[in-house]
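J.: One structure coming up, written as structure tokens, with questions to follow.
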Amino acid sequence: MTTTCPGCGLELAAGTQGYERKFNASAECWAVFEEVLAKEFQSAALFGQVHQLTVDAFAVQHAGGRHPDKSVCIHLVGLHLNCGHPRFDPKYDDHPRERGWSSWTDDRD
Ligand SMILES: [Zn+2]
């Protein structure tokens, strides 16, 4: 028997774990996400380079259901900043969450 993730459509063999988190994901998809996070947590360099992008991408792929719209919006902004906003360079660890969102929005013209 397989399950289909309601957020991203990933089909995997049905497991026995439950899923109680806010993302609109299957337990099986969440388990894969946790494997990715586990790899990131094993390397400070990898974590620093990709973690925010990993979380933002997973969150946006799993909109709907119990996942609050404001969370999806925040993660969409994170993706935008990671994928080409000229004022954001990940090598400086300058994510707006680190500086506070208001300081980022206040000085934009
Ligand atoms: Zn999924």
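In the structure tokens, chains take the letters A, B, ... in the order shown, each chain's residues start at 1, and ligands count up from 1 in the order shown.
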Return as a ChimeraX atom specification every polymer residue, whether protein, DNA or RNA, with at least one atom no more than 12 Å from an atom of ligand 1; count only C-alpha atoms and all ligand atoms.

T.: /A:3-12,19,23-34,57-64

J.: Those residues you just picked out, can you put them in a file as an mmCIF file, in the first residue's frame with C-alpha atoms?

T.:
```
data_model
loop_
_atom_site.group_PDB
_atom_site.id
_atom_site.type_symbol
_atom_site.label_atom_id
_atom_site.label_comp_id
_atom_site.auth_asym_id
_atom_site.auth_seq_id
_atom_site.Cartn_x
_atom_site.Cartn_y
_atom_site.Cartn_z
ATOM 1 C CA THR A 3 0.407 6.937 0.483
ATOM 2 C CA THR A 4 0.415 10.195 -1.419
ATOM 3 C CA CYS A 5 1.590 13.333 0.342
ATOM 4 C CA PRO A 6 -1.241 15.890 0.243
ATOM 5 C CA GLY A 7 1.268 18.734 -0.063
ATOM 6 C CA CYS A 8 3.798 17.657 -2.647
ATOM 7 C CA GLY A 9 2.263 14.530 -4.140
ATOM 8 C CA LEU A 10 5.174 12.258 -3.228
ATOM 9 C CA GLU A 11 4.095 8.619 -3.261
ATOM 10 C CA LEU A 12 5.809 6.301 -0.808
ATOM 11 C CA TYR A 19 2.044 12.774 11.710
ATOM 12 C CA PHE A 23 2.734 21.109 7.459
ATOM 13 C CA ASN A 24 0.297 19.587 5.000
ATOM 14 C CA ALA A 25 2.422 16.470 4.628
ATOM 15 C CA SER A 26 2.153 12.728 4.951
ATOM 16 C CA ALA A 27 4.056 10.989 7.722
ATOM 17 C CA GLU A 28 6.205 9.344 5.082
ATOM 18 C CA CYS A 29 7.119 12.632 3.404
ATOM 19 C CA TRP A 30 7.910 14.153 6.797
ATOM 20 C CA ALA A 31 10.212 11.204 7.517
ATOM 21 C CA VAL A 32 12.146 11.914 4.308
ATOM 22 C CA PHE A 33 12.391 15.576 5.280
ATOM 23 C CA GLU A 34 13.793 14.539 8.660
ATOM 24 C CA ALA A 57 11.139 24.850 0.256
ATOM 25 C CA PHE A 58 9.524 22.083 2.297
ATOM 26 C CA ALA A 59 7.143 24.516 3.961
ATOM 27 C CA VAL A 60 6.006 26.056 0.684
ATOM 28 C CA GLN A 61 5.578 22.638 -0.929
ATOM 29 C CA HIS A 62 3.311 21.668 1.954
ATOM 30 C CA ALA A 63 0.818 24.537 2.012
ATOM 31 C CA GLY A 64 -2.821 23.910 2.796
#
```

J.: Which neighbours of Lys39 of chain A fall inside 12 Å, counting only C-alpha atoms, when residues of the same chain fewer than 6 positions from it are skipped, and could you give them as a list in words?

T.: Val32, Phe33, Ala45, Leu46, Phe47, Val50, His51 and Thr54 of chain A

J.: Between A:Val36, A:Thr16, A:Thr2, A:Leu53, single out the one closest to Cys83 of chain A, counting only C-alpha atoms.

T.: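 Between A:Val36, A:Thr16, A:Thr2, A:Leu53, the residue approaching Cys83 of chain A most closely is A:Leu53.
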